[in-house]
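As provided, query-v2.cif (mmCIF, C-alpha atoms and all ligand atoms) reads as follows.
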```
data_model
#
loop_
_atom_site.label_atom_id
_atom_site.label_comp_id
_atom_site.auth_asym_id
_atom_site.auth_seq_id
_atom_site.Cartn_x
_atom_site.Cartn_y
_atom_site.Cartn_z
CA MET Y 1 6.75 13.77 1.89
CA LYS Y 2 7.81 10.13 1.67
CA ILE Y 3 5.41 7.37 0.65
CA PHE Y 4 6.39 3.70 0.92
CA ALA Y 5 4.40 1.01 -0.91
CA VAL Y 6 4.55 -2.67 0.06
CA LEU Y 7 3.28 -5.10 -2.58
CA GLY Y 8 2.21 -8.70 -2.08
CA SER Y 9 2.35 -9.58 -5.78
CA ARG Y 10 5.33 -11.22 -7.43
CA ASN Y 11 4.37 -9.72 -10.74
CA GLN Y 12 6.33 -6.50 -11.17
CA GLN Y 13 4.43 -5.66 -14.39
CA GLY Y 14 1.09 -6.90 -13.09
CA LYS Y 15 -2.23 -5.43 -12.09
CA THR Y 16 -1.42 -4.95 -8.39
CA ALA Y 17 1.68 -3.03 -9.46
CA ALA Y 18 -0.32 -0.95 -11.97
CA LEU Y 19 -2.90 0.00 -9.33
CA THR Y 20 -0.18 0.92 -6.86
CA LYS Y 21 1.65 2.97 -9.49
CA ALA Y 22 -1.59 4.85 -10.28
CA LEU Y 23 -1.93 5.85 -6.63
CA LEU Y 24 1.75 6.78 -6.41
CA HIS Y 25 1.47 8.76 -9.64
CA GLY Y 26 -1.18 10.99 -8.05
CA LEU Y 27 1.10 11.51 -5.05
CA LYS Y 28 4.17 12.20 -7.21
CA GLU Y 29 2.28 14.76 -9.26
CA LYS Y 30 1.82 16.73 -6.04
CA GLY Y 31 5.48 16.40 -5.08
CA ALA Y 32 5.80 13.26 -2.93
CA ALA Y 33 8.84 10.95 -3.10
CA THR Y 34 7.70 7.35 -3.54
CA GLU Y 35 9.22 3.88 -3.25
CA MET Y 36 7.81 0.41 -4.00
CA LEU Y 37 8.86 -2.91 -2.50
CA PHE Y 38 7.76 -6.32 -3.79
CA LEU Y 39 7.68 -8.67 -0.81
CA THR Y 40 8.47 -11.71 -2.96
CA SER Y 41 11.76 -10.11 -4.02
CA VAL Y 42 13.12 -10.15 -0.44
CA THR Y 43 13.66 -12.87 2.14
CA LEU Y 44 10.80 -13.12 4.61
CA LYS Y 45 10.35 -16.17 6.78
CA ALA Y 46 7.18 -17.13 8.63
CA CYS Y 47 6.65 -16.29 12.31
CA ARG Y 48 7.98 -19.08 14.59
CA GLN Y 49 5.56 -18.46 17.49
CA CYS Y 50 8.75 -18.70 19.55
CA GLU Y 51 7.83 -19.61 23.11
CA GLU Y 52 5.38 -21.99 24.71
CA ASP Y 53 2.76 -19.32 25.15
CA GLY Y 54 3.11 -18.30 21.47
CA TRP Y 55 4.90 -15.04 22.22
CA GLY Y 56 8.58 -14.18 21.83
CA ILE Y 57 10.87 -11.16 21.99
CA CYS Y 58 8.36 -9.44 19.70
CA HIS Y 59 6.21 -9.13 22.83
CA SER Y 60 8.93 -8.14 25.29
CA GLU Y 61 11.32 -6.16 23.05
CA GLY Y 62 9.26 -5.20 20.02
CA ARG Y 63 11.54 -6.88 17.52
CA CYS Y 64 11.66 -10.21 15.69
CA VAL Y 65 14.27 -12.87 16.39
CA ILE Y 66 14.38 -14.03 12.76
CA GLU Y 67 17.28 -12.65 10.76
CA ASP Y 68 15.99 -11.77 7.30
CA ASP Y 69 14.78 -8.65 5.47
CA PHE Y 70 11.94 -7.91 7.89
CA ASP Y 71 13.83 -5.22 9.85
CA SER Y 72 14.82 -3.25 6.77
CA ILE Y 73 11.20 -3.13 5.60
CA VAL Y 74 10.13 -1.96 9.05
CA LYS Y 75 12.76 0.79 8.82
CA ASN Y 76 11.27 1.96 5.53
CA ILE Y 77 7.80 2.03 7.07
CA ASP Y 78 9.18 3.92 10.01
CA GLY Y 79 10.69 6.59 7.73
CA ALA Y 80 7.56 7.07 5.62
CA ASP Y 81 4.80 9.62 6.08
CA ALA Y 82 2.24 7.15 4.73
CA VAL Y 83 2.30 3.52 3.62
CA ILE Y 84 0.42 1.68 0.87
CA PHE Y 85 -0.29 -2.06 1.25
CA SER Y 86 -1.31 -3.66 -2.06
CA THR Y 87 -2.11 -7.30 -2.59
CA PRO Y 88 -3.55 -9.56 -5.26
CA VAL Y 89 -6.59 -11.46 -3.97
CA TYR Y 90 -5.83 -15.14 -3.49
CA TYR Y 91 -8.62 -17.38 -2.19
CA ALA Y 92 -10.60 -14.27 -1.20
CA ASP Y 93 -7.70 -13.22 1.02
CA MET Y 94 -4.35 -11.40 0.85
CA SER Y 95 -1.38 -13.12 -0.79
CA GLU Y 96 0.95 -15.36 1.20
CA SER Y 97 3.80 -12.83 1.20
CA MET Y 98 1.52 -10.07 2.48
CA LYS Y 99 0.14 -12.41 5.16
CA THR Y 100 3.63 -13.46 6.27
CA PHE Y 101 4.78 -9.86 6.53
CA THR Y 102 1.72 -8.43 8.30
CA ASP Y 103 1.56 -11.42 10.69
CA ARG Y 104 5.01 -10.47 11.96
CA LEU Y 105 4.51 -6.71 11.76
CA ARG Y 106 1.57 -6.65 14.16
CA ARG Y 107 3.58 -8.50 16.79
CA CYS Y 108 6.58 -6.15 16.72
CA ASN Y 109 5.79 -3.17 18.86
CA ALA Y 110 3.45 -1.96 16.18
CA PRO Y 111 2.21 1.03 18.18
CA ILE Y 112 5.65 2.60 17.80
CA ILE Y 113 6.50 1.97 14.14
CA SER Y 114 2.98 2.82 13.04
CA ARG Y 115 3.36 6.35 14.39
CA THR Y 116 4.47 9.41 12.49
CA LYS Y 117 7.87 11.00 13.08
CA GLU Y 118 6.46 13.27 15.75
CA ASN Y 119 5.43 10.08 17.60
CA ARG Y 120 2.09 11.64 18.15
CA ASN Y 121 -0.31 10.35 15.57
CA PHE Y 122 -1.05 7.06 13.93
CA LYS Y 123 0.51 6.68 10.50
CA PRO Y 124 -1.96 6.82 7.58
CA VAL Y 125 -2.18 3.77 5.33
CA ILE Y 126 -4.21 2.83 2.27
CA GLY Y 127 -4.89 -0.78 1.26
CA ILE Y 128 -5.53 -2.06 -2.27
CA CYS Y 129 -6.86 -5.59 -2.97
CA HIS Y 130 -7.10 -6.76 -6.58
CA ALA Y 131 -9.19 -9.79 -7.53
CA GLY Y 132 -8.17 -10.61 -11.08
CA GLY Y 133 -9.84 -13.98 -11.58
CA GLY Y 134 -13.62 -14.18 -11.44
CA GLY Y 135 -13.48 -11.00 -9.41
CA GLY Y 136 -14.92 -12.45 -6.20
CA GLY Y 137 -13.21 -12.09 -2.85
CA ALA Y 138 -11.94 -8.51 -3.11
CA GLU Y 139 -14.28 -7.37 -0.33
CA THR Y 140 -13.34 -10.24 2.01
CA CYS Y 141 -9.69 -9.50 1.35
CA VAL Y 142 -10.24 -5.83 2.19
CA VAL Y 143 -11.79 -6.82 5.53
CA ASN Y 144 -8.90 -9.14 6.39
CA LEU Y 145 -6.17 -6.71 5.33
CA LYS Y 146 -7.86 -3.82 7.16
CA LYS Y 147 -8.10 -5.90 10.33
CA VAL Y 148 -4.38 -6.68 10.45
CA LEU Y 149 -3.36 -3.12 9.50
CA SER Y 150 -5.53 -1.77 12.32
CA GLN Y 151 -3.99 -4.31 14.70
CA CYS Y 152 -0.59 -2.95 13.62
CA GLY Y 153 -1.80 0.41 14.92
CA PHE Y 154 -2.03 2.22 11.59
CA GLU Y 155 -4.67 4.79 10.77
CA VAL Y 156 -6.37 3.00 7.89
CA ILE Y 157 -7.74 5.89 5.91
CA ASP Y 158 -8.97 3.98 2.87
CA MET Y 159 -9.31 0.42 1.59
CA VAL Y 160 -9.84 -0.08 -2.14
CA PRO Y 161 -11.33 -3.35 -3.42
CA VAL Y 162 -10.70 -3.88 -7.13
CA ARG Y 163 -12.07 -6.67 -9.30
CA ARG Y 164 -11.14 -7.54 -12.86
CA GLN Y 165 -14.27 -5.82 -14.10
CA THR Y 166 -13.63 -2.51 -12.29
CA LEU Y 167 -9.89 -2.32 -12.94
CA PRO Y 168 -9.96 0.50 -15.57
CA ILE Y 169 -12.12 2.80 -13.46
CA LYS Y 170 -10.22 2.03 -10.24
CA LEU Y 171 -6.93 2.92 -11.97
CA LYS Y 172 -8.37 6.38 -12.60
CA ASN Y 173 -9.85 6.58 -9.08
CA LEU Y 174 -6.53 5.68 -7.49
CA GLU Y 175 -4.71 8.54 -9.20
CA SER Y 176 -7.23 10.94 -7.68
CA ILE Y 177 -6.97 9.20 -4.31
CA GLY Y 178 -3.19 9.73 -4.49
CA GLU Y 179 -3.67 13.46 -4.99
CA TRP Y 180 -6.24 13.54 -2.20
CA LEU Y 181 -3.89 11.63 0.13
CA PHE Y 182 -1.13 14.16 -0.43
CA ASP Y 183 -3.42 17.05 0.57
CA HIS Y 184 -4.88 15.01 3.41
CA ILE Y 185 -1.43 14.49 4.92
CA GLU Y 186 -0.28 18.06 4.21
CA THR Y 187 -3.22 19.57 6.07
CA GLY Y 188 -3.05 16.99 8.84
CA GLU Y 189 -6.76 16.41 8.31
CA TRP Y 190 -6.51 12.72 9.14
CA GLU Y 191 -4.91 13.30 12.51
CA ARG Y 192 -6.49 12.16 15.71
CA VAL Y 193 -4.30 12.92 18.64
CA ILE Y 194 -4.20 10.00 20.98
CA PRO Y 195 -2.28 10.02 24.26
CA ARG Y 196 0.93 8.08 23.90
CA PRO Y 197 0.85 4.71 25.63
CA LYS Y 198 3.24 4.40 28.60
CA SER Y 199 5.38 1.89 26.67
CA VAL Y 200 6.30 4.56 24.07
CA LYS Y 201 9.52 6.28 25.12
C1 LIG N 1 -3.57 -18.87 -5.68
C2 LIG N 1 -4.48 -17.89 -6.36
C3 LIG N 1 -5.75 -17.67 -5.85
C4 LIG N 1 -6.59 -16.72 -6.45
N1 LIG N 1 -7.82 -16.46 -5.92
C5 LIG N 1 -8.63 -15.53 -6.49
C6 LIG N 1 -9.90 -15.19 -5.92
O1 LIG N 1 -10.30 -15.65 -4.86
N2 LIG N 1 -10.68 -14.30 -6.60
C7 LIG N 1 -10.28 -13.72 -7.77
O2 LIG N 1 -11.02 -12.95 -8.35
N3 LIG N 1 -9.06 -13.98 -8.29
C8 LIG N 1 -8.24 -14.87 -7.68
N4 LIG N 1 -7.00 -15.11 -8.21
C9 LIG N 1 -6.51 -14.28 -9.34
C10 LIG N 1 -5.64 -13.12 -8.78
O3 LIG N 1 -6.42 -12.24 -7.99
C11 LIG N 1 -4.98 -12.36 -9.92
O4 LIG N 1 -4.18 -13.28 -10.62
C12 LIG N 1 -4.15 -11.23 -9.39
O5 LIG N 1 -4.92 -10.25 -8.75
C13 LIG N 1 -3.36 -10.58 -10.51
O6 LIG N 1 -2.51 -9.63 -9.90
P1 LIG N 1 -1.01 -9.44 -10.41
O7 LIG N 1 -1.11 -8.97 -11.83
O8 LIG N 1 -0.42 -8.46 -9.50
O9 LIG N 1 -0.36 -10.79 -10.31
C14 LIG N 1 -6.14 -16.03 -7.62
C15 LIG N 1 -4.88 -16.29 -8.12
C16 LIG N 1 -4.04 -17.18 -7.51
C17 LIG N 1 -2.63 -17.40 -8.04
#
```
So, in terms of structure tokens, how does the structure I just supplied come out?
Ligand SMILES: Cc1cc2nc3c(=O)[nH]c(=O)nc-3n(C[C@H](O)[C@H](O)[C@H](O)COP(=O)(O)O)c2cc1C
Amino acid sequence: MKIFAVLGSRNQQGKTAALTKALLHGLKEKGAATEMLFLTSVTLKACRQCEEDGWGICHSEGRCVIEDDFDSIVKNIDGADAVIFSTPVYYADMSESMKTFTDRLRRCNAPIISRTKENRNFKPVIGICHAGGGGGGAETCVVNLKKVLSQCGFEVIDMVPVRRQTLPIKLKNLESIGEWLFDHIETGEWERVIPRPKSVK
């Protein structure tokens, strides 16, 4: 089982990373192979809203015209059995790098990449939002991140708000959630078989 984690923090030794590692640790303990990617360590440009109507080849061809690291991240998502999206909370919202990436992801034929290898079911994802200042805004961030992940076509199976005050307990929780996620995927418990849209070849 392959798990790919996308992080919207630039802090490789930070709290968002620690929370993500806790979740991945639980998965690894059960036998999953895991990989983490920090979005600020790659080149990701903002969506250009290409044509007059605001659409572009993302709409017609399911890919982005911008040449940067976007495609390689999409490939990693495509090859994973489940994906983790973790972000620090900035202004009660996701970080800029996470926003830039998910803004483009939902435009690019999301119903295809968000599916599992069998092209049958929606790919499970878990979101983590860490508010490390006063602690406010984690819940708003969760709502915003969940909305865009759902628009991407993922099966959002859990969203975890974390605030400075709950960090120690959430680190423990996330390890257990990792173990639970492994079993959840193994048994196919999360599956909901949905007829493939006509556009999916
Ligand atoms: C621009 C900016 C805005 C922030 N806004 C919030 C906020 O709304 N609520 C909060 O509790 N913390 C806020 N913080 C603190 C971050 O949530 C905290 O630094 C981050 O979660 C730490 O994660 P890291 O260790 O991965 O960098 C903000 C930080 C920055 C840089």
> For ligand LIG 1 (chain N), which residue out of Y:Ala32, Y:Ile57, Y:Val162, Y:Val156 is the nearest one, using all atoms listed in the file?
Replying inline: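 Distance minimum relative to ligand LIG 1 (chain N) lands on Y:Val162.
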List as JSON lines every residue of chain Y that is in contact with ligand LIG 1 (chain N), defined as an atom at most 7 Å from one of its atoms (using all atoms listed in the file), together with the nearest atom pair and the distance in Å rounded to one decimal, sorted by chain and then rising number.
```
{"residue": "Y:Ser9", "atom": "CA", "partner": "N:LIG1", "partner_atom": "O8", "distance": 4.8}
{"residue": "Y:Arg10", "atom": "CA", "partner": "N:LIG1", "partner_atom": "O9", "distance": 6.4}
{"residue": "Y:Asn11", "atom": "CA", "partner": "N:LIG1", "partner_atom": "O9", "distance": 4.9}
{"residue": "Y:Gln13", "atom": "CA", "partner": "N:LIG1", "partner_atom": "O7", "distance": 6.9}
{"residue": "Y:Gly14", "atom": "CA", "partner": "N:LIG1", "partner_atom": "O7", "distance": 3.3}
{"residue": "Y:Lys15", "atom": "CA", "partner": "N:LIG1", "partner_atom": "O7", "distance": 3.7}
{"residue": "Y:Thr16", "atom": "CA", "partner": "N:LIG1", "partner_atom": "O8", "distance": 3.8}
{"residue": "Y:Ala17", "atom": "CA", "partner": "N:LIG1", "partner_atom": "O8", "distance": 5.8}
{"residue": "Y:Pro88", "atom": "CA", "partner": "N:LIG1", "partner_atom": "O5", "distance": 3.8}
{"residue": "Y:Val89", "atom": "CA", "partner": "N:LIG1", "partner_atom": "O3", "distance": 4.1}
{"residue": "Y:Tyr90", "atom": "CA", "partner": "N:LIG1", "partner_atom": "N1", "distance": 3.4}
{"residue": "Y:Tyr91", "atom": "CA", "partner": "N:LIG1", "partner_atom": "O1", "distance": 3.6}
{"residue": "Y:Ala92", "atom": "CA", "partner": "N:LIG1", "partner_atom": "O1", "distance": 3.9}
{"residue": "Y:Asp93", "atom": "CA", "partner": "N:LIG1", "partner_atom": "O1", "distance": 6.9}
{"residue": "Y:His130", "atom": "CA", "partner": "N:LIG1", "partner_atom": "O5", "distance": 4.7}
{"residue": "Y:Ala131", "atom": "CA", "partner": "N:LIG1", "partner_atom": "O3", "distance": 3.7}
{"residue": "Y:Gly132", "atom": "CA", "partner": "N:LIG1", "partner_atom": "C11", "distance": 3.8}
{"residue": "Y:Gly133", "atom": "CA", "partner": "N:LIG1", "partner_atom": "N3", "distance": 3.4}
{"residue": "Y:Gly134", "atom": "CA", "partner": "N:LIG1", "partner_atom": "O2", "distance": 4.2}
{"residue": "Y:Gly135", "atom": "CA", "partner": "N:LIG1", "partner_atom": "O2", "distance": 3.3}
{"residue": "Y:Gly136", "atom": "CA", "partner": "N:LIG1", "partner_atom": "O2", "distance": 4.5}
{"residue": "Y:Gly137", "atom": "CA", "partner": "N:LIG1", "partner_atom": "O1", "distance": 5.0}
{"residue": "Y:Ala138", "atom": "CA", "partner": "N:LIG1", "partner_atom": "N2", "distance": 6.9}
{"residue": "Y:Arg163", "atom": "CA", "partner": "N:LIG1", "partner_atom": "O2", "distance": 6.4}
```
>> One decimal, in Å: what's the spacing between CA of Gly8 in chain Y and CA of Val160 in chain Y?
In response: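 Going from CA of Gly8 in chain Y over to CA of Val160 in chain Y covers 14.8 Å.
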> So how many Å separate CA of Ser150 in chain Y and CA of Cys108 in chain Y, to one decimal?
Replying inline: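 We find that CA of Ser150 in chain Y and CA of Cys108 in chain Y lie 13.6 Å from each other.
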>> For a quick check of understanding, using all atoms listed in the file, which of Y:Leu145, Y:Leu167, Y:Ile157, Y:Leu44 has the smallest distance to Trp180 in chain Y?
In response: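 Residue with the minimum atom-to-atom distance to Trp180 in chain Y: Y:Ile157.
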>> Considering all atoms listed in the file, can you say which of Y:Ile185, Y:Ile3, Y:Leu39, Y:Cys152 comes closest to Thr100 in chain Y?
In response: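 Comparing Y:Ile185, Y:Ile3, Y:Leu39, Y:Cys152 against Thr100 in chain Y, the winner is Y:Leu39.
As for CA of Leu27 in chain Y and CA of Glu179 in chain Y, they are spaced 5.2 Å apart.
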> Leaving out Ile66 in chain Y and any residue of its chain fewer than 4 positions from it, which residues lie within 9 Å of it when counting all atoms listed in the file, given as number ranges by chain?
Replying inline: Y: 44-48, 70
>> I'd like the neighbourhood of range 20-24 of chain Y as a PyMOL selection string, where a residue qualifies if any of its atoms comes within 8 Å (using all atoms listed in the file), though same-chain residues fewer than 5 positions away should be ignored.
In response: chain Y and resi 3+5+34+84+86+128+171-172+174-179
> Between Y:Lys170, Y:Leu181, Y:Thr40, Y:Gly153, which is the closest to Glu96 in chain Y once you count only C-alpha atoms?
Replying inline: Y:Thr40
With 8 Å on each side, where is the centre of the axis-aligned box around all listed atoms of range 56-65 of chain Y, and how long are its edges in Å to one decimal, as AutoDock Vina command-line options?
```
--center_x 10.2 --center_y -9.7 --center_z 20.5 --size_x 24.1 --size_y 25.0 --size_z 25.6
```
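Nearest residue to Cys64 in chain Y, choosing from Y:Phe4, Y:Phe85, Y:Phe101, Y:Phe38 and counting all atoms listed in the file: Y:Phe101.
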> Quick one: of Y:Gly26, Y:Asn173, Y:Thr166, Y:Val6, who's nearest to Val125 in chain Y, counting all atoms listed in the file?
Replying inline: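 Checking each of Y:Gly26, Y:Asn173, Y:Thr166, Y:Val6 against Val125 in chain Y, counting all atoms listed in the file, the winner is Y:Val6.
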